[in-house]
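Visitor: My questions all concern the structure below.
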Amino acid sequence: MSGEAIYNQLRRLLPGASAFLDSHRDKSLLEISQGFRRPGSPPSPRLLAAVEKLAAPGLGRELTAHLLDDLRNGARASAATHHGVESYPELAQGNLLFALAEIRRSLDHEPFAPILVLACENAPLNSATCPGGFLFGRRRQGDRYQKIHLFKRSSDRVIVGRAPSLTREDLNLFLTRVDQADLQPFEKTGLKKIVGPLASDALFLGASSFLDQAARLNRRLWNQRFKGEKFPALAFLSLEGLASECLIQDLAEADSLVSRLIFDQSAFDYVLKKLRGLSGCWHESLLSLPDGAIPSDRSRPLGTVLFWEINAVGQSSPMGLTMKKGQPALTGSALSLALRPEELISALTERKILPGLFLCFATLVLGHGLRTYGGVYMVDYLPRMLAPALEVCPPPRPVDLSWSSSLAAGLLPIQLDSGRPGWEGLYPAGAVELAAAGPLETDFFERLMALKLSDISPFSASEWCLEETRPEHRARHWAENLESLRRASGGLRLSLT
């Protein structure tokens with residue numbers, strides 16, 4: 001598969017990400033990051049209050065006040081991440097790129113603001129990005145990323161937002177497994193650098209859930225990448241948690257956007273029909289369930305209608321529509337909710353349900369004016385997801401969603417050169433590799449900012465191709481052509497031993 005063939009394949013599989021590469025190829029990574037800060041209207045007071053409530057316990061009052069001021073001057077957040085350990089290379093590097101404009105300001109001794117990252121807590125601990133453990137940049141046998149887990153495998157299907165907090169014993173057992181694992185020396189160094197201090201961190205160990213621990217762990221990961229004390233802080237919040245804070249109040253108001261979308265039957269029917277089958281929304285089989293039965297085949301891309309049901313052990317399952325006493329109801333595996341404000345508010349408050357992606361983004365973006373930038377999938381589905389809601393509930397002023405085509409995660413300018421032959425010898429740096437190499441010098445960030453998208457797009461495209469194409473579907477000689485493409489790519493290369 002030639003380089004051109006790879007790009008053509010990606011134009012078919014990832015049209016939004018490919019269009020971004022084509023239209024921004026001559027821009028530097030700093031210019032791309034500055035584009036996330038384009039002027040915009042402030043988000044609603046309700047959203048700002050929710051951000052303050054969720055951010056202040058971990059970020060502190062002073063930094064939270066800076067974050068709120070910054071949001072008032074041009075609301076934006078990175079929303080490409082799964083809550084949990086941020087080790088997946090595309091996400092670890094993505095948040096660095098998203099923050100480059102603020103890093104530039106910090107290096108120039110100008111005022112700079114915290115970086116807001118909204119992360120999906122409805123990801124299972126063993127999802128593709130392994131939020132319940134660590135991923136390495138190198139792949140296992142040319143296919144999936146190598147990983148090591150923090151939790152017992154019996155917890156794989158528990159979502160991050162319901163996982164129990166890790167104990168000192170859990171961390172020490174993990175470090176013992178690291179010593180015994182077949183890992184590179186620098187990988188062991190990176191893991192110990194990240195996890196070792198947590199075993200004596202009273203605030204980490206005293207957290208009531210892994211959700212809170214993950215936010216603290218990711219702030220530690222972030223801080224370890226910088227020298228000195230002057231760099232942007234990381235505000236790592238739950239996407240669903242922020243949306244829920246707003247929804248609990250929105251659902252009680254008949255004229256709110258989500259109330260009009262859900263409780264106006266014609267608007268609701270239109271959105272359900274338009275978004276069936278779209279990534280992040282719902283499968284058609286969920287729109288009219290016989291006897292409230294959820295299809296048993298979990299391998300199907302069902303999605304969910306509005307909310308996910310969360311069971312007593314912390315696993316999520318889809319909800320679909322059925323009739324309850326002649327009225328439409330959301331039905332899951334053990335829960336049925338009439339489409340009435342009081343029932344939905346009660347279930348949200350009691351943490352029995354979490355909003356799905358459509359409801360999260362309709363609430364935060366359309367309902368409260370927050371710009372949420374995403375990754376290689378989100379640039380395709382977000383505009384399509386929000387369009388029907390705008391059609392049936394048009395706001396007083398036109399809404400510009402052109403920003404949603406900007407790619408905030410997925411680009412991979414930082415690579416590790418292992419010195420081994422073949423395409424696997426050069427691979428993206430994730431959190432473990434960055435921790436092993438860090439803290440990073442000022443010169444590193446200067447060079448990162450100066451890179452052009454055209455310098456790094458071949459390597460990024462090659463990684464996306466590996467993710468999107470299973471080995472049995474790859475063309476002949478794909479490995480040799482992939483190596484040539486990767487070696488021709490620019491970027492910053494970490495050499496670790």
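Please note that chains go A, B, ... in the order of the structure tokens, that every chain numbers its residues from 1, and that ligands are numbered from 1 in the order shown.
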Mind listing the alpha helix (DSSP H) residues of segment 353-443 of chain A, per DSSP on the backbone, as a ChimeraX atom specification?
Guide: /A:357-361,378-392,431-437,442-443
Visitor: Based on the selection just made, write C-alpha atoms of those residues as an mmCIF file, in the first residue's frame.
Guide:
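Contents of the output file part33.cif:
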data_model
loop_
_atom_site.group_PDB
_atom_site.id
_atom_site.type_symbol
_atom_site.label_atom_id
_atom_site.label_comp_id
_atom_site.auth_asym_id
_atom_site.auth_seq_id
_atom_site.Cartn_x
_atom_site.Cartn_y
_atom_site.Cartn_z
ATOM 1 C CA LEU A 357 -22.909 11.574 23.686
ATOM 2 C CA PHE A 358 -25.773 13.199 21.770
ATOM 3 C CA LEU A 359 -27.356 14.554 24.930
ATOM 4 C CA CYS A 360 -23.986 15.654 26.348
ATOM 5 C CA PHE A 361 -23.079 17.695 23.288
ATOM 6 C CA MET A 378 -15.670 13.410 16.461
ATOM 7 C CA VAL A 379 -14.882 15.800 13.599
ATOM 8 C CA ASP A 380 -17.218 13.651 11.494
ATOM 9 C CA TYR A 381 -20.017 12.857 13.908
ATOM 10 C CA LEU A 382 -20.372 16.058 15.979
ATOM 11 C CA PRO A 383 -21.688 18.380 13.214
ATOM 12 C CA ARG A 384 -24.015 15.634 11.948
ATOM 13 C CA MET A 385 -25.173 14.912 15.499
ATOM 14 C CA LEU A 386 -26.089 18.516 16.257
ATOM 15 C CA ALA A 387 -27.654 19.485 12.915
ATOM 16 C CA PRO A 388 -31.128 17.910 13.502
ATOM 17 C CA ALA A 389 -31.388 19.534 16.935
ATOM 18 C CA LEU A 390 -30.700 22.929 15.361
ATOM 19 C CA GLU A 391 -33.339 22.273 12.707
ATOM 20 C CA VAL A 392 -36.152 21.588 15.174
ATOM 21 C CA ALA A 431 2.215 8.984 28.486
ATOM 22 C CA VAL A 432 4.687 6.316 29.615
ATOM 23 C CA GLU A 433 7.298 7.320 27.038
ATOM 24 C CA LEU A 434 6.788 11.034 27.755
ATOM 25 C CA ALA A 435 7.177 10.408 31.484
ATOM 26 C CA ALA A 436 10.375 8.447 30.923
ATOM 27 C CA ALA A 437 11.783 11.282 28.789
ATOM 28 C CA THR A 442 11.901 24.559 26.653
ATOM 29 C CA ASP A 443 13.616 23.863 23.334
#
Visitor: Within 6 Å of segment 489-492 of chain A, counting only C-alpha atoms, which residues qualify if same-chain residues fewer than 6 places away don't, as a ChimeraX atom specification?
Guide: /A:413-414,455-456,458-459
Visitor: Would you kindly return, as number ranges by chain, each protein, DNA or RNA residue with an atom no farther than 9 Å from any atom of Thr363 of chain A, considering only C-alpha atoms and excluding same-chain residues fewer than 2 positions away?
Guide: A: 243-244, 246-247, 250, 257-258, 358-361, 365-369
Visitor: With DSSP run on the backbone, what are the strand (DSSP E or B) residues within segment 68-311 of chain A? I'd like them as a PyMOL selection string.
Guide: chain A and resi 77-82+115-120+124+133-139+145-149+159+226+234-238+276+282+303+307-310
Visitor: Nearest to Val85 of chain A: which of A:Glu342, A:Glu121, A:Glu110, A:Glu441 is it, counting only C-alpha atoms?
Guide: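 Of the candidates, the smallest distance to Val85 of chain A is held by A:Glu121.
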Visitor: When you look at Arg11 of chain A with a cut-off of 12 Å (counting only C-alpha atoms), what residues show up, excluding the ones that are within fewer than 5 positions of it in the same chain? I need them as a compact mmCIF listing (two decimals) with C-alpha atoms, in the first residue's frame.
Guide:
# COMPACT_ATOMS: atom_id res chain seq x y z
CA GLU A 4 -1.12 7.86 -1.71
CA ALA A 5 -3.19 4.70 -1.30
CA ILE A 6 -3.14 5.18 2.48
CA GLY A 16 -13.29 14.77 8.47
CA ALA A 17 -9.76 14.12 9.73
CA SER A 18 -8.47 13.81 6.15
CA ALA A 19 -10.11 17.11 5.19
CA PHE A 20 -8.43 18.76 8.17
CA LEU A 21 -5.02 17.45 7.03
CA ASP A 22 -5.63 18.73 3.52
CA VAL A 376 -10.54 11.82 14.30
CA ASP A 380 -17.22 13.65 11.49
CA ALA A 461 -1.92 8.89 8.75
CA TRP A 464 -4.75 5.88 11.69
CA CYS A 465 -4.44 3.35 8.90
CA GLU A 468 -8.77 1.39 10.90
Visitor: Please identify all polymer residues within 9 Å of His83 of chain A, counting only C-alpha atoms, omitting same-chain residues fewer than 2 positions from it, and present them as a PDB file with all heavy atoms, in the first residue's frame.
Guide:
ATOM      1  N   THR A  81     -11.139  12.702  25.012  1.00  0.00           N
ATOM      2  CA  THR A  81     -10.470  11.779  25.917  1.00  0.00           C
ATOM      3  C   THR A  81     -11.461  10.896  26.668  1.00  0.00           C
ATOM      4  O   THR A  81     -12.570  11.323  26.964  1.00  0.00           O
ATOM      5  CB  THR A  81      -9.640  12.591  26.942  1.00  0.00           C
ATOM      6  OG1 THR A  81      -8.715  13.413  26.239  1.00  0.00           O
ATOM      7  CG2 THR A  81      -8.872  11.695  27.890  1.00  0.00           C
ATOM      8  N   VAL A  85      -6.798   6.849  33.063  1.00  0.00           N
ATOM      9  CA  VAL A  85      -5.393   7.155  32.796  1.00  0.00           C
ATOM     10  C   VAL A  85      -5.252   7.611  31.353  1.00  0.00           C
ATOM     11  O   VAL A  85      -5.613   6.904  30.424  1.00  0.00           O
ATOM     12  CB  VAL A  85      -4.496   5.928  33.055  1.00  0.00           C
ATOM     13  CG1 VAL A  85      -3.037   6.291  32.829  1.00  0.00           C
ATOM     14  CG2 VAL A  85      -4.690   5.420  34.476  1.00  0.00           C
ATOM     15  N   GLU A  86      -4.697   8.794  31.162  1.00  0.00           N
ATOM     16  CA  GLU A  86      -4.528   9.353  29.818  1.00  0.00           C
ATOM     17  C   GLU A  86      -3.169   8.916  29.266  1.00  0.00           C
ATOM     18  O   GLU A  86      -2.201   9.652  29.288  1.00  0.00           O
ATOM     19  CB  GLU A  86      -4.617  10.889  29.888  1.00  0.00           C
ATOM     20  CG  GLU A  86      -4.457  11.598  28.574  1.00  0.00           C
ATOM     21  CD  GLU A  86      -3.645  12.872  28.728  1.00  0.00           C
ATOM     22  OE1 GLU A  86      -2.444  12.778  29.074  1.00  0.00           O
ATOM     23  OE2 GLU A  86      -4.190  13.955  28.508  1.00  0.00           O
ATOM     24  N   LEU A 118     -12.471  17.680  28.856  1.00  0.00           N
ATOM     25  CA  LEU A 118     -13.667  16.936  29.241  1.00  0.00           C
ATOM     26  C   LEU A 118     -13.508  15.508  28.752  1.00  0.00           C
ATOM     27  O   LEU A 118     -13.320  15.266  27.561  1.00  0.00           O
ATOM     28  CB  LEU A 118     -14.916  17.568  28.621  1.00  0.00           C
ATOM     29  CG  LEU A 118     -15.189  19.023  29.019  1.00  0.00           C
ATOM     30  CD1 LEU A 118     -16.460  19.518  28.346  1.00  0.00           C
ATOM     31  CD2 LEU A 118     -15.308  19.156  30.536  1.00  0.00           C
ATOM     32  N   ALA A 119     -13.575  14.559  29.666  1.00  0.00           N
ATOM     33  CA  ALA A 119     -13.282  13.165  29.348  1.00  0.00           C
ATOM     34  C   ALA A 119     -14.491  12.289  29.641  1.00  0.00           C
ATOM     35  O   ALA A 119     -15.176  12.468  30.651  1.00  0.00           O
ATOM     36  CB  ALA A 119     -12.078  12.692  30.168  1.00  0.00           C
ATOM     37  N   CYS A 120     -14.745  11.340  28.746  1.00  0.00           N
ATOM     38  CA  CYS A 120     -15.914  10.473  28.836  1.00  0.00           C
ATOM     39  C   CYS A 120     -15.729   9.440  29.955  1.00  0.00           C
ATOM     40  O   CYS A 120     -14.838   8.596  29.880  1.00  0.00           O
ATOM     41  CB  CYS A 120     -16.136   9.781  27.496  1.00  0.00           C
ATOM     42  SG  CYS A 120     -17.500   8.622  27.478  1.00  0.00           S
ATOM     43  N   GLU A 121     -16.593   9.493  30.972  1.00  0.00           N
ATOM     44  CA  GLU A 121     -16.479   8.541  32.083  1.00  0.00           C
ATOM     45  C   GLU A 121     -17.258   7.257  31.817  1.00  0.00           C
ATOM     46  O   GLU A 121     -17.182   6.306  32.597  1.00  0.00           O
ATOM     47  CB  GLU A 121     -16.956   9.159  33.391  1.00  0.00           C
ATOM     48  CG  GLU A 121     -18.438   9.435  33.490  1.00  0.00           C
ATOM     49  CD  GLU A 121     -18.861   9.803  34.915  1.00  0.00           C
ATOM     50  OE1 GLU A 121     -18.789  10.992  35.264  1.00  0.00           O
ATOM     51  OE2 GLU A 121     -19.256   8.872  35.639  1.00  0.00           O
ATOM     52  N   ASN A 122     -18.010   7.197  30.716  1.00  0.00           N
ATOM     53  CA  ASN A 122     -18.773   5.989  30.396  1.00  0.00           C
ATOM     54  C   ASN A 122     -17.958   5.037  29.537  1.00  0.00           C
ATOM     55  O   ASN A 122     -18.499   4.284  28.735  1.00  0.00           O
ATOM     56  CB  ASN A 122     -20.076   6.352  29.685  1.00  0.00           C
ATOM     57  CG  ASN A 122     -20.971   5.147  29.483  1.00  0.00           C
ATOM     58  OD1 ASN A 122     -21.012   4.255  30.315  1.00  0.00           O
ATOM     59  ND2 ASN A 122     -21.664   5.098  28.368  1.00  0.00           N
ATOM     60  N   ALA A 123     -16.650   5.056  29.692  1.00  0.00           N
ATOM     61  CA  ALA A 123     -15.782   4.113  28.987  1.00  0.00           C
ATOM     62  C   ALA A 123     -15.437   2.964  29.923  1.00  0.00           C
ATOM     63  O   ALA A 123     -15.054   3.196  31.076  1.00  0.00           O
ATOM     64  CB  ALA A 123     -14.498   4.805  28.544  1.00  0.00           C
ATOM     65  N   PRO A 131      -8.363   3.030  29.775  1.00  0.00           N
ATOM     66  CA  PRO A 131      -8.353   4.031  30.853  1.00  0.00           C
ATOM     67  C   PRO A 131      -8.126   3.434  32.231  1.00  0.00           C
ATOM     68  O   PRO A 131      -7.797   4.158  33.167  1.00  0.00           O
ATOM     69  CB  PRO A 131      -9.750   4.667  30.747  1.00  0.00           C
ATOM     70  CG  PRO A 131     -10.592   3.625  30.104  1.00  0.00           C
ATOM     71  CD  PRO A 131      -9.690   2.908  29.147  1.00  0.00           C
ATOM     72  N   VAL A 160     -15.370   3.680  33.930  1.00  0.00           N
ATOM     73  CA  VAL A 160     -14.417   4.461  34.728  1.00  0.00           C
ATOM     74  C   VAL A 160     -15.127   5.238  35.826  1.00  0.00           C
ATOM     75  O   VAL A 160     -14.650   5.320  36.962  1.00  0.00           O
ATOM     76  CB  VAL A 160     -13.631   5.417  33.812  1.00  0.00           C
ATOM     77  CG1 VAL A 160     -12.695   6.287  34.634  1.00  0.00           C
ATOM     78  CG2 VAL A 160     -12.855   4.648  32.771  1.00  0.00           C
ATOM     79  N   GLY A 161     -16.291   5.821  35.481  1.00  0.00           N
ATOM     80  CA  GLY A 161     -17.001   6.654  36.448  1.00  0.00           C
ATOM     81  C   GLY A 161     -17.558   5.920  37.639  1.00  0.00           C
ATOM     82  O   GLY A 161     -18.028   6.551  38.593  1.00  0.00           O
ATOM     83  N   LEU A 211     -12.599   7.855  39.616  1.00  0.00           N
ATOM     84  CA  LEU A 211     -12.854   9.041  38.796  1.00  0.00           C
ATOM     85  C   LEU A 211     -12.050  10.224  39.319  1.00  0.00           C
ATOM     86  O   LEU A 211     -11.389  10.937  38.556  1.00  0.00           O
ATOM     87  CB  LEU A 211     -14.349   9.356  38.808  1.00  0.00           C
ATOM     88  CG  LEU A 211     -14.848  10.366  37.771  1.00  0.00           C
ATOM     89  CD1 LEU A 211     -14.802   9.781  36.377  1.00  0.00           C
ATOM     90  CD2 LEU A 211     -16.271  10.797  38.112  1.00  0.00           C
ATOM     91  N   ALA A 214      -8.226   9.479  38.949  1.00  0.00           N
ATOM     92  CA  ALA A 214      -7.730   9.615  37.581  1.00  0.00           C
ATOM     93  C   ALA A 214      -7.441  11.071  37.246  1.00  0.00           C
ATOM     94  O   ALA A 214      -6.452  11.386  36.574  1.00  0.00           O
ATOM     95  CB  ALA A 214      -8.740   9.033  36.590  1.00  0.00           C
ATOM     96  N   ALA A 215      -8.307  11.971  37.705  1.00  0.00           N
ATOM     97  CA  ALA A 215      -8.062  13.394  37.456  1.00  0.00           C
ATOM     98  C   ALA A 215      -6.758  13.837  38.114  1.00  0.00           C
ATOM     99  O   ALA A 215      -5.964  14.572  37.525  1.00  0.00           O
ATOM    100  CB  ALA A 215      -9.237  14.225  37.977  1.00  0.00           C
ATOM    101  N   PHE A 236      -9.126  18.504  34.462  1.00  0.00           N
ATOM    102  CA  PHE A 236      -9.559  17.240  33.862  1.00  0.00           C
ATOM    103  C   PHE A 236     -10.904  16.859  34.486  1.00  0.00           C
ATOM    104  O   PHE A 236     -10.973  16.405  35.630  1.00  0.00           O
ATOM    105  CB  PHE A 236      -8.499  16.169  34.141  1.00  0.00           C
ATOM    106  CG  PHE A 236      -8.601  14.953  33.272  1.00  0.00           C
ATOM    107  CD1 PHE A 236      -7.936  14.888  32.054  1.00  0.00           C
ATOM    108  CD2 PHE A 236      -9.348  13.861  33.666  1.00  0.00           C
ATOM    109  CE1 PHE A 236      -8.011  13.764  31.255  1.00  0.00           C
ATOM    110  CE2 PHE A 236      -9.431  12.727  32.873  1.00  0.00           C
ATOM    111  CZ  PHE A 236      -8.767  12.682  31.665  1.00  0.00           C
ATOM    112  N   LEU A 237     -12.007  17.066  33.725  1.00  0.00           N
ATOM    113  CA  LEU A 237     -13.350  16.886  34.263  1.00  0.00           C
ATOM    114  C   LEU A 237     -14.120  15.835  33.476  1.00  0.00           C
ATOM    115  O   LEU A 237     -13.808  15.539  32.316  1.00  0.00           O
ATOM    116  CB  LEU A 237     -14.130  18.211  34.205  1.00  0.00           C
ATOM    117  CG  LEU A 237     -13.489  19.442  34.851  1.00  0.00           C
ATOM    118  CD1 LEU A 237     -14.436  20.628  34.748  1.00  0.00           C
ATOM    119  CD2 LEU A 237     -13.116  19.176  36.296  1.00  0.00           C
ATOM    120  N   SER A 238     -15.170  15.315  34.096  1.00  0.00           N
ATOM    121  CA  SER A 238     -16.044  14.350  33.440  1.00  0.00           C
ATOM    122  C   SER A 238     -16.979  15.052  32.462  1.00  0.00           C
ATOM    123  O   SER A 238     -17.693  16.000  32.839  1.00  0.00           O
ATOM    124  CB  SER A 238     -16.871  13.597  34.482  1.00  0.00           C
ATOM    125  OG  SER A 238     -17.981  12.956  33.889  1.00  0.00           O
ATOM    126  N   LEU A 239     -16.996  14.581  31.222  1.00  0.00           N
ATOM    127  CA  LEU A 239     -17.924  15.109  30.215  1.00  0.00           C
ATOM    128  C   LEU A 239     -19.368  14.904  30.670  1.00  0.00           C
ATOM    129  O   LEU A 239     -20.181  15.846  30.671  1.00  0.00           O
ATOM    130  CB  LEU A 239     -17.683  14.395  28.882  1.00  0.00           C
ATOM    131  CG  LEU A 239     -18.693  14.663  27.758  1.00  0.00           C
ATOM    132  CD1 LEU A 239     -18.554  16.078  27.240  1.00  0.00           C
ATOM    133  CD2 LEU A 239     -18.512  13.655  26.624  1.00  0.00           C
TER     134      LEU A 239
END
Visitor: Any idea what the distance is between atom CA of Leu135 of chain A and atom CA of Thr189 of chain A?
Guide: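 Interatomic distance here is 14.3 Å.
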